[in-house]
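K.L.:
Following this line is entry.txt, made up of compact mmCIF, C-alpha atoms and all ligand atoms:
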# COMPACT_ATOMS: atom_id res chain seq x y z
CA MET A 1243 4.36 26.85 -47.75
CA ARG A 1244 1.67 29.53 -47.62
CA VAL A 1245 -1.83 28.07 -47.51
CA GLY A 1246 -5.23 29.67 -47.94
CA PHE A 1247 -8.50 27.76 -47.90
CA ALA A 1248 -12.26 28.08 -48.06
CA THR A 1249 -15.02 25.56 -47.47
CA GLU A 1250 -18.75 26.00 -47.97
CA ALA A 1251 -21.55 23.55 -47.19
CA ALA A 1252 -24.36 22.90 -49.64
CA PRO A 1253 -27.15 25.28 -48.56
CA GLY A 1254 -29.14 24.00 -45.58
CA ARG A 1255 -26.88 21.02 -44.80
CA ASP A 1256 -23.97 20.17 -42.47
CA ASN A 1257 -20.59 20.56 -44.12
CA GLU A 1258 -19.22 17.04 -44.59
CA ASP A 1259 -15.95 18.34 -46.08
CA TYR A 1260 -13.02 19.02 -43.74
CA ALA A 1261 -9.93 21.13 -44.40
CA ALA A 1262 -6.92 21.96 -42.22
CA ALA A 1263 -3.41 23.24 -42.78
CA THR A 1264 -0.22 24.28 -41.03
CA PRO A 1265 2.84 25.84 -42.72
CA ASP A 1266 4.03 22.27 -43.52
CA ILE A 1267 0.92 20.20 -44.15
CA ALA A 1268 -2.49 20.40 -45.79
CA VAL A 1269 -5.36 17.95 -45.46
CA LEU A 1270 -8.73 17.70 -47.23
CA LEU A 1271 -11.46 15.13 -46.60
CA ASP A 1272 -14.86 14.85 -48.26
CA GLY A 1273 -17.30 12.74 -46.26
CA ALA A 1274 -19.56 10.49 -48.29
CA GLY A 1275 -23.09 11.62 -47.57
CA THR A 1276 -25.83 9.52 -46.10
CA PRO A 1277 -28.81 10.61 -48.21
CA PRO A 1278 -32.00 11.55 -46.33
CA GLY A 1279 -33.93 8.40 -45.43
CA SER A 1280 -30.83 6.17 -45.58
CA GLU A 1281 -29.37 4.20 -42.65
CA SER A 1282 -25.68 4.27 -41.65
CA GLY A 1283 -25.43 2.32 -38.38
CA CYS A 1284 -23.53 5.31 -36.91
CA THR A 1285 -24.99 7.80 -34.43
CA HIS A 1286 -22.19 10.33 -35.09
CA GLY A 1287 -22.72 11.04 -38.77
CA VAL A 1288 -20.58 11.78 -41.78
CA ALA A 1289 -19.50 15.32 -40.77
CA TRP A 1290 -18.18 13.89 -37.46
CA TYR A 1291 -16.30 11.18 -39.37
CA SER A 1292 -14.46 13.51 -41.74
CA ARG A 1293 -13.73 16.04 -38.98
CA THR A 1294 -12.43 13.36 -36.59
CA LEU A 1295 -10.31 11.51 -39.15
CA GLY A 1296 -9.01 14.83 -40.54
CA SER A 1297 -7.92 16.18 -37.17
CA THR A 1298 -6.37 12.79 -36.28
CA LEU A 1299 -4.31 12.90 -39.49
CA VAL A 1300 -3.20 16.48 -38.81
CA ALA A 1301 -2.01 15.50 -35.31
CA SER A 1302 -0.09 12.45 -36.59
CA MET A 1303 1.49 14.28 -39.54
CA THR A 1304 2.64 17.05 -37.19
CA GLN A 1305 4.14 14.64 -34.67
CA SER A 1306 5.65 11.91 -36.82
CA ALA A 1307 7.55 11.52 -40.07
CA GLU A 1308 6.11 8.10 -40.96
CA SER A 1309 4.80 7.62 -44.51
CA LEU A 1310 1.46 9.20 -45.40
CA THR A 1311 0.10 5.74 -46.26
CA ASP A 1312 0.95 4.40 -42.78
CA THR A 1313 -0.37 7.58 -41.16
CA LEU A 1314 -3.69 7.16 -42.98
CA ALA A 1315 -3.95 3.46 -42.07
CA ASP A 1316 -3.32 4.30 -38.38
CA GLY A 1317 -5.82 7.18 -38.55
CA ILE A 1318 -8.58 4.93 -39.97
CA LYS A 1319 -7.90 2.43 -37.15
CA THR A 1320 -7.94 5.14 -34.47
CA VAL A 1321 -11.25 6.62 -35.59
CA ALA A 1322 -12.86 3.17 -35.89
CA SER A 1323 -11.85 2.52 -32.26
CA LEU A 1324 -13.62 5.74 -31.20
CA HIS A 1325 -17.04 4.40 -32.19
CA ASP A 1326 -16.86 0.62 -32.46
CA SER A 1327 -18.51 0.20 -29.06
CA THR A 1328 -21.43 2.52 -29.86
CA CYS A 1329 -22.03 2.06 -33.59
CA ASP A 1330 -22.47 -0.79 -36.06
CA LEU A 1331 -19.28 -0.46 -38.08
CA ALA A 1332 -20.19 -3.48 -40.22
CA HIS A 1333 -23.17 -1.54 -41.63
CA PRO A 1334 -22.64 -0.98 -45.40
CA GLY A 1335 -23.56 2.70 -44.90
CA THR A 1336 -20.92 3.39 -42.22
CA PRO A 1337 -19.48 6.91 -42.74
CA SER A 1338 -16.56 7.22 -45.15
CA ALA A 1339 -14.44 9.96 -46.68
CA THR A 1340 -12.07 10.79 -49.51
CA VAL A 1341 -8.62 11.94 -48.34
CA ILE A 1342 -5.87 14.21 -49.67
CA MET A 1343 -2.72 14.66 -47.58
CA LEU A 1344 0.18 16.94 -48.45
CA ARG A 1345 3.40 17.31 -46.46
CA CYS A 1346 6.15 19.76 -47.28
CA THR A 1347 9.68 19.10 -45.99
CA SER A 1348 12.75 21.20 -46.80
CA ASP A 1349 13.28 19.58 -50.19
CA ALA A 1350 10.34 17.31 -50.95
CA LEU A 1351 6.59 17.37 -51.19
CA ASP A 1352 4.87 14.11 -50.17
CA TRP A 1353 1.30 13.63 -51.38
CA LEU A 1354 -1.47 11.07 -51.04
CA VAL A 1355 -4.87 10.94 -52.77
CA LEU A 1356 -7.61 8.43 -51.86
CA ALA A 1357 -10.88 8.49 -53.83
CA ASP A 1358 -12.32 11.30 -55.88
CA SER A 1359 -10.97 14.54 -54.42
CA THR A 1360 -8.35 16.09 -56.72
CA LEU A 1361 -4.79 17.31 -56.17
CA VAL A 1362 -3.53 19.77 -58.79
CA LEU A 1363 0.20 20.52 -58.89
CA ASP A 1364 1.27 23.60 -60.82
CA ILE A 1365 4.76 22.65 -61.96
CA GLY A 1366 5.32 25.62 -64.25
CA GLU A 1367 4.51 23.65 -67.41
CA PRO A 1368 1.63 24.49 -69.77
CA GLU A 1369 -0.54 21.77 -68.18
CA PRO A 1370 -0.65 21.23 -64.42
CA MET A 1371 -0.31 17.72 -62.98
CA VAL A 1372 -3.81 16.50 -62.01
CA ILE A 1373 -4.02 13.60 -59.58
CA THR A 1374 -7.34 11.94 -58.80
CA ASP A 1375 -8.51 8.40 -58.17
CA ASP A 1376 -11.38 7.86 -60.60
CA ARG A 1377 -12.37 4.29 -59.65
CA GLU A 1378 -15.61 5.47 -58.03
CA ALA A 1379 -16.61 7.39 -61.17
CA HIS A 1380 -15.94 4.30 -63.31
CA VAL A 1381 -18.09 2.08 -61.11
CA GLY A 1382 -20.75 4.80 -60.78
CA ALA A 1383 -21.03 5.31 -64.55
CA ARG A 1384 -22.87 1.97 -64.72
CA TYR A 1385 -25.63 3.28 -62.44
CA ARG A 1386 -25.83 7.00 -63.17
CA ALA A 1387 -28.19 7.06 -66.15
CA THR A 1388 -31.40 6.77 -64.07
CA VAL A 1389 -30.33 9.59 -61.71
CA ASP A 1390 -29.16 11.84 -64.52
CA ALA A 1391 -32.40 11.47 -66.50
CA LEU A 1392 -34.51 13.04 -63.70
CA ASP A 1393 -34.98 16.71 -62.68
CA SER A 1394 -32.61 17.63 -59.82
CA GLY A 1395 -34.46 18.00 -56.54
CA SER A 1396 -37.67 16.24 -57.71
CA PRO A 1397 -38.91 13.46 -55.35
CA GLU A 1398 -38.10 10.87 -58.07
CA HIS A 1399 -34.56 12.25 -58.38
CA ILE A 1400 -34.02 12.19 -54.61
CA ALA A 1401 -35.21 8.56 -54.47
CA ALA A 1402 -33.04 7.55 -57.46
CA HIS A 1403 -29.99 9.26 -55.90
CA ARG A 1404 -30.58 7.41 -52.62
CA ALA A 1405 -30.80 4.11 -54.55
CA TYR A 1406 -27.59 5.02 -56.39
CA VAL A 1407 -25.69 5.76 -53.16
CA GLU A 1408 -26.97 2.56 -51.52
CA GLY A 1409 -26.09 0.52 -54.64
CA MET A 1410 -22.56 1.97 -54.68
CA ARG A 1411 -22.02 0.79 -51.11
CA HIS A 1412 -21.72 -2.77 -52.40
CA HIS A 1413 -18.64 -1.78 -54.40
CA ARG A 1414 -16.98 0.17 -51.60
CA ASN A 1415 -13.60 -1.07 -50.33
CA ARG A 1416 -13.69 -4.17 -52.51
CA ASP A 1417 -11.38 -5.31 -55.27
CA GLY A 1418 -12.83 -4.24 -58.60
CA GLY A 1419 -14.77 -1.46 -56.82
CA PHE A 1420 -13.44 1.73 -55.27
CA TRP A 1421 -11.63 2.56 -52.03
CA VAL A 1422 -12.33 5.22 -49.41
CA ALA A 1423 -11.41 5.81 -45.77
CA ALA A 1424 -14.03 4.10 -43.56
CA ILE A 1425 -13.15 1.29 -41.15
CA ASP A 1426 -10.66 -0.83 -43.12
CA PRO A 1427 -7.05 0.42 -42.73
CA LEU A 1428 -6.09 -1.55 -45.87
CA ALA A 1429 -7.84 1.19 -47.89
CA ALA A 1430 -4.75 3.35 -47.26
CA GLU A 1431 -2.67 1.00 -49.43
CA GLN A 1432 -5.07 1.68 -52.30
CA ALA A 1433 -4.35 5.43 -52.25
CA LEU A 1434 -2.27 7.09 -54.95
CA ALA A 1435 0.89 8.49 -53.34
CA GLY A 1436 4.15 10.06 -54.41
CA THR A 1437 6.92 12.56 -53.72
CA ILE A 1438 8.06 15.46 -55.87
CA PRO A 1439 10.97 17.88 -55.27
CA THR A 1440 9.52 21.04 -53.71
CA SER A 1441 11.64 23.14 -56.06
CA ARG A 1442 9.59 21.83 -59.02
CA VAL A 1443 6.24 22.95 -57.60
CA ARG A 1444 4.95 26.50 -57.92
CA ALA A 1445 1.59 25.84 -56.29
CA ALA A 1446 -0.73 23.01 -55.21
CA ALA A 1447 -4.52 22.94 -55.04
CA LEU A 1448 -6.52 20.42 -52.99
CA LEU A 1449 -10.12 20.32 -54.21
CA SER A 1450 -13.22 18.35 -53.17
CA ASP A 1451 -15.48 17.13 -55.98
CA GLY A 1452 -17.93 19.89 -55.04
CA ALA A 1453 -15.23 22.34 -56.20
CA THR A 1454 -13.87 20.40 -59.19
CA ARG A 1455 -17.35 20.18 -60.76
CA LEU A 1456 -16.62 23.60 -62.28
CA ILE A 1457 -13.90 21.87 -64.33
CA ASP A 1458 -14.74 18.17 -64.70
CA ARG A 1459 -18.56 18.28 -64.83
CA PHE A 1460 -19.57 21.79 -65.94
CA GLU A 1461 -16.46 22.24 -68.13
CA LEU A 1462 -16.51 25.99 -67.47
CA ALA A 1463 -12.77 26.12 -66.74
CA THR A 1464 -9.64 24.10 -67.50
CA TRP A 1465 -7.39 22.95 -64.66
CA GLN A 1466 -4.96 25.75 -65.54
CA GLN A 1467 -7.79 28.31 -65.48
CA ALA A 1468 -8.81 26.98 -62.06
CA ILE A 1469 -5.24 27.59 -60.84
CA ASN A 1470 -5.44 31.12 -62.27
CA ILE A 1471 -8.72 31.76 -60.38
CA LEU A 1472 -7.12 30.45 -57.16
CA ASP A 1473 -4.09 32.67 -57.79
CA ARG A 1474 -6.10 35.85 -58.38
CA GLN A 1475 -9.30 35.41 -56.37
CA GLY A 1476 -8.29 32.80 -53.82
CA PRO A 1477 -10.18 29.64 -52.80
CA SER A 1478 -13.43 31.52 -52.04
CA GLY A 1479 -13.33 32.98 -55.58
CA LEU A 1480 -13.29 29.47 -57.05
CA ILE A 1481 -16.20 28.35 -54.85
CA HIS A 1482 -18.13 31.48 -55.86
CA GLU A 1483 -17.79 30.44 -59.53
CA VAL A 1484 -19.09 26.95 -58.67
CA ARG A 1485 -22.15 28.32 -56.84
CA LYS A 1486 -22.90 30.72 -59.71
CA ALA A 1487 -22.93 27.82 -62.18
CA GLU A 1488 -25.09 25.63 -59.90
CA GLN A 1489 -27.60 28.45 -59.41
CA SER A 1490 -27.83 28.93 -63.17
CA ASP A 1491 -28.96 25.28 -63.59
CA PRO A 1492 -31.14 24.48 -60.55
CA ASN A 1493 -32.87 21.47 -62.17
CA GLY A 1494 -29.74 19.86 -63.54
CA SER A 1495 -31.00 20.04 -67.12
CA ARG A 1496 -27.72 21.42 -68.49
CA TRP A 1497 -25.48 19.47 -66.11
CA PRO A 1498 -27.23 16.36 -64.74
CA ARG A 1499 -25.88 15.67 -61.25
CA GLY A 1500 -26.74 13.79 -58.08
CA LYS A 1501 -26.69 16.90 -55.90
CA THR A 1502 -27.87 20.32 -57.15
CA PHE A 1503 -25.37 21.88 -54.71
CA ASP A 1504 -22.50 20.06 -53.03
CA ASP A 1505 -20.13 20.91 -50.19
CA ALA A 1506 -17.21 22.67 -51.88
CA THR A 1507 -13.69 23.02 -50.48
CA ALA A 1508 -10.47 24.40 -51.93
CA LEU A 1509 -7.01 24.74 -50.37
CA TYR A 1510 -4.35 26.62 -52.30
CA CYS A 1511 -0.69 26.27 -51.32
CA ARG A 1512 2.10 28.44 -52.70
CA PHE A 1513 5.78 27.53 -52.41
ZN ZN B 1601 -20.39 6.34 -35.08
Write the structure described by the file as structure tokens, please.
P.N.:
Amino acid sequence: MRVGFATEAAPGRDNEDYAAATPDIAVLLDGAGTPPGSESGCTHGVAWYSRTLGSTLVASMTQSAESLTDTLADGIKTVASLHDSTCDLAHPGTPSATVIMLRCTSDALDWLVLADSTLVLDIGEPEPMVITDDREAHVGARYRATVDALDSGSPEHIAAHRAYVEGMRHHRNRDGGFWVAAIDPLAAEQALAGTIPTSRVRAAALLSDGATRLIDRFELATWQQAINILDRQGPSGLIHEVRKAEQSDPNGSRWPRGKTFDDATALYCRF
């Protein structure tokens, strides 16, 4: 597997996305932000959480052949143990992250997707296989209207977005809500996971929602066109297209969104 990746923070903020790869594995996490003025009970922060869980997963996937689901459950437990004596892990705002894991063996590709980052598999058919867990979007749709009606970046918008994020916390890691990596290892069992023969896959893209907004929110490209951009211009080319679109709509009047700019990460694997 040949992997290239790029990751870019939203301007002026810490990058809460995390990406890592070896010739056999690729990992992407997107930390769920704590909006300014919001409490989390954790002194480490969201960027620390996604970086620490991500590097823990890379180490385990490199050293062991256990299932990706079990590896993720163990990783969530390990990272919780690193800060349960210093932080209030029962706080509803405790840091969390989406997770994509990909492992390539000689004949099979194992994958896992938890929460709203997207895995795109180019299997040589007219439409690529697009795997994402859209439970958060479904729950969020009930609350989005207030945020979307306001100008991006205005004080009212920032306050409404904070209220949205804090409201969503009550649906996190609960039946009927949505599941992310945080402190409960049972979240791993809620991930989408599968295996596909490596020979069927031409390429795979791991994308955070800051990168997929070009396709699923702005509708400026199809999934296949996104693969073509990754093929020709690489992951940084795709992120460049995202930033161009965001800059063209700074107030969110064309594309209402919680964050004017978001951390954007893309990994592109060829087989
Ligand atoms: Zn902490």
K.L.:
Please report the interatomic distance between atom CA of A:Ile1469 and atom CA of A:Pro1253 in Å with one decimal.
P.N.:
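Separation of atom CA of A:Ile1469 and atom CA of A:Pro1253: 25.2 Å.
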K.L.:
Do you have the atom CA of A:Ala1315-atom CA of A:Thr1440 distance handy?
P.N.:
25.0 Å
K.L.:
Determine, using all atoms listed in the file, which residues of chain A have any atom at most 9 Å from an atom of ligand ZN 1601 (chain B), and tabulate each with its shortest atom pair and distance in Å to one decimal place, rows ordered by chain and then rising number, as a Markdown table.
P.N.:
| residue | atom | partner | partner_atom | distance |
| --- | --- | --- | --- | --- |
| A:Ser1282 | CA | B:ZN1601 | ZN | 8.7 |
| A:Gly1283 | CA | B:ZN1601 | ZN | 7.2 |
| A:Cys1284 | CA | B:ZN1601 | ZN | 3.8 |
| A:Thr1285 | CA | B:ZN1601 | ZN | 4.9 |
| A:His1286 | CA | B:ZN1601 | ZN | 4.4 |
| A:Gly1287 | CA | B:ZN1601 | ZN | 6.4 |
| A:Val1288 | CA | B:ZN1601 | ZN | 8.6 |
| A:Trp1290 | CA | B:ZN1601 | ZN | 8.2 |
| A:Tyr1291 | CA | B:ZN1601 | ZN | 7.7 |
| A:Ala1322 | CA | B:ZN1601 | ZN | 8.2 |
| A:Leu1324 | CA | B:ZN1601 | ZN | 7.8 |
| A:His1325 | CA | B:ZN1601 | ZN | 4.8 |
| A:Asp1326 | CA | B:ZN1601 | ZN | 7.2 |
| A:Ser1327 | CA | B:ZN1601 | ZN | 8.8 |
| A:Thr1328 | CA | B:ZN1601 | ZN | 6.6 |
| A:Cys1329 | CA | B:ZN1601 | ZN | 4.8 |
| A:Asp1330 | CA | B:ZN1601 | ZN | 7.5 |
| A:Leu1331 | CA | B:ZN1601 | ZN | 7.5 |
| A:Thr1336 | CA | B:ZN1601 | ZN | 7.7 |
| A:Pro1337 | CA | B:ZN1601 | ZN | 7.7 |
K.L.:
Which one of A:Arg1455, A:Leu1392, A:Gly1500, A:Gln1475 sits closest to A:Ala1487 if you count all atoms listed in the file?
P.N.:
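Smallest distance to A:Ala1487 is found for A:Arg1455.
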K.L.:
Pick the closest to A:Ser1450 from A:Thr1311, A:Thr1360, A:Thr1304, A:Thr1276: which is it, counting all atoms listed in the file?
P.N.:
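Going through A:Thr1311, A:Thr1360, A:Thr1304, A:Thr1276 one by one, the smallest distance to A:Ser1450 is for A:Thr1360.
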K.L.:
Need the shell around A:Gln1466: protein/DNA/RNA residues with any atom at most 10 Å away, counting all atoms listed in the file. Skip same-chain ones fewer than 6 positions apart. Format as an mmCIF file with C-alpha atoms, in the coordinates of the input?
P.N.:
data_model
loop_
_atom_site.group_PDB
_atom_site.id
_atom_site.type_symbol
_atom_site.label_atom_id
_atom_site.label_comp_id
_atom_site.auth_asym_id
_atom_site.auth_seq_id
_atom_site.Cartn_x
_atom_site.Cartn_y
_atom_site.Cartn_z
ATOM 1 C CA VAL A 1362 -3.530 19.770 -58.790
ATOM 2 C CA LEU A 1363 0.200 20.520 -58.890
ATOM 3 C CA ASP A 1364 1.270 23.600 -60.820
ATOM 4 C CA GLU A 1367 4.510 23.650 -67.410
ATOM 5 C CA PRO A 1368 1.630 24.490 -69.770
ATOM 6 C CA GLU A 1369 -0.540 21.770 -68.180
ATOM 7 C CA PRO A 1370 -0.650 21.230 -64.420
ATOM 8 C CA MET A 1371 -0.310 17.720 -62.980
ATOM 9 C CA VAL A 1372 -3.810 16.500 -62.010
ATOM 10 C CA ILE A 1457 -13.900 21.870 -64.330
ATOM 11 C CA LEU A 1472 -7.120 30.450 -57.160
#
K.L.:
At a cut-off of 10 Å, using all atoms listed in the file, what residues contact A:Asp1390? Leave out same-chain residues fewer than 4 positions from it and give the result as a CSV table (one decimal) with C-alpha atoms, keeping the file's coordinate frame.
P.N.:
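Final output, result-v2.csv:
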chain,number,residue,atom,x,y,z
A,1385,TYR,CA,-25.6,3.3,-62.4
A,1386,ARG,CA,-25.8,7.0,-63.2
A,1394,SER,CA,-32.6,17.6,-59.8
A,1399,HIS,CA,-34.6,12.2,-58.4
A,1402,ALA,CA,-33.0,7.6,-57.5
A,1403,HIS,CA,-30.0,9.3,-55.9
A,1494,GLY,CA,-29.7,19.9,-63.5
A,1495,SER,CA,-31.0,20.0,-67.1
A,1497,TRP,CA,-25.5,19.5,-66.1
A,1498,PRO,CA,-27.2,16.4,-64.7
A,1499,ARG,CA,-25.9,15.7,-61.2
A,1500,GLY,CA,-26.7,13.8,-58.1
K.L.:
At most 9 Å is the cut-off: for each residue in stretch 1370-1473 of chain A with any atom that close to an atom of stretch 1504-1508 of chain A, write down the nearest atom pair and the distance in Å rounded to one decimal, counting only C-alpha atoms, chain first then increasing number, as a Markdown table.
P.N.:
| residue | atom | partner | partner_atom | distance |
| --- | --- | --- | --- | --- |
| A:Ala1447 | CA | A:Ala1508 | CA | 6.9 |
| A:Leu1448 | CA | A:Ala1508 | CA | 5.7 |
| A:Leu1449 | CA | A:Ala1508 | CA | 4.7 |
| A:Ser1450 | CA | A:Thr1507 | CA | 5.4 |
| A:Asp1451 | CA | A:Ala1506 | CA | 7.1 |
| A:Gly1452 | CA | A:Ala1506 | CA | 4.3 |
| A:Ala1453 | CA | A:Ala1506 | CA | 4.8 |
| A:Thr1454 | CA | A:Ala1506 | CA | 8.4 |
| A:Leu1472 | CA | A:Ala1508 | CA | 8.7 |
K.L.:
Interatomic distance between atom CA of A:Arg1411 and atom CA of A:Ala1262?
P.N.:
27.5 Å
K.L.:
Neighbourhood query: residues within 7 Å of (0.7, 27.9, -57.1), file coordinates, counting all atoms listed in the file; return as a list in words.
P.N.:
Asp1364, Arg1444, Ala1445, Ala1446, Asp1473, Cys1511, Arg1512 and Phe1513 of chain A
K.L.:
When you count only C-alpha atoms, which of these residues is closest to A:Pro1427: A:Gly1476, A:Glu1308, A:Asn1415, A:Ile1481?
P.N.:
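Distance minimum relative to A:Pro1427 lands on A:Asn1415.
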K.L.:
Between A:Val1484, A:Ala1261, A:Val1381, A:Ala1339, which is the closest to A:Ala1274 once you count all atoms listed in the file?
P.N.:
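Using all atoms listed in the file, the shortest distance to A:Ala1274 belongs to A:Ala1339.
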K.L.:
For A:Pro1439, list every protein, DNA or RNA residue within 12 Å, evaluated using only C-alpha atoms, and leave out those in the same chain fewer than 4 positions away; present the list as JSON, numbers by chain.
P.N.:
{"A": [1345, 1346, 1347, 1348, 1349, 1350, 1351, 1352, 1353, 1363, 1365, 1443, 1444, 1513]}
K.L.:
Could you check the closest approach to A:Glu1488 for each of A:Ala1268, A:Ile1471, A:Val1355, A:Leu1462 and tell me which residue wins, using all atoms listed in the file?
P.N.:
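For A:Glu1488, the nearest of the given residues is A:Leu1462.
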K.L.:
Could you tell me which of A:Thr1249, A:Thr1437, A:Ser1490, A:Ser1359 comes closest to A:Phe1460 if we count only C-alpha atoms?
P.N.:
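Residue with the minimum atom-to-atom distance to A:Phe1460: A:Ser1490.
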K.L.:
Selecting C-alpha atoms, how would stretch 1433-1456 of chain A from this structure be written as a PDB file, in the first residue's frame?
P.N.:
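Saved file result07.pdb follows:
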ATOM      1  CA  ALA A1433     -18.495   1.035  14.553  1.00  0.00           C
ATOM      2  CA  LEU A1434     -19.120  -0.083  10.984  1.00  0.00           C
ATOM      3  CA  ALA A1435     -16.487  -2.689  10.069  1.00  0.00           C
ATOM      4  CA  GLY A1436     -15.743  -5.086   7.245  1.00  0.00           C
ATOM      5  CA  THR A1437     -13.171  -6.854   5.095  1.00  0.00           C
ATOM      6  CA  ILE A1438     -12.742  -6.719   1.335  1.00  0.00           C
ATOM      7  CA  PRO A1439     -10.260  -8.637  -0.866  1.00  0.00           C
ATOM      8  CA  THR A1440      -7.319  -6.317  -1.548  1.00  0.00           C
ATOM      9  CA  SER A1441      -7.396  -7.355  -5.207  1.00  0.00           C
ATOM     10  CA  ARG A1442     -10.802  -5.632  -5.587  1.00  0.00           C
ATOM     11  CA  VAL A1443      -9.577  -2.249  -4.356  1.00  0.00           C
ATOM     12  CA  ARG A1444      -7.772   0.225  -6.589  1.00  0.00           C
ATOM     13  CA  ALA A1445      -7.531   2.988  -3.996  1.00  0.00           C
ATOM     14  CA  ALA A1446      -8.912   4.064  -0.618  1.00  0.00           C
ATOM     15  CA  ALA A1447      -9.467   7.558   0.762  1.00  0.00           C
ATOM     16  CA  LEU A1448      -9.864   8.370   4.462  1.00  0.00           C
ATOM     17  CA  LEU A1449     -11.451  11.800   4.885  1.00  0.00           C
ATOM     18  CA  SER A1450     -12.441  13.903   7.902  1.00  0.00           C
ATOM     19  CA  ASP A1451     -15.711  15.830   7.630  1.00  0.00           C
ATOM     20  CA  GLY A1452     -13.662  18.999   7.129  1.00  0.00           C
ATOM     21  CA  ALA A1453     -12.515  17.443   3.826  1.00  0.00           C
ATOM     22  CA  THR A1454     -15.776  15.765   2.772  1.00  0.00           C
ATOM     23  CA  ARG A1455     -17.682  19.066   3.014  1.00  0.00           C
ATOM     24  CA  LEU A1456     -16.523  19.718  -0.558  1.00  0.00           C
TER      25      LEU A1456
END
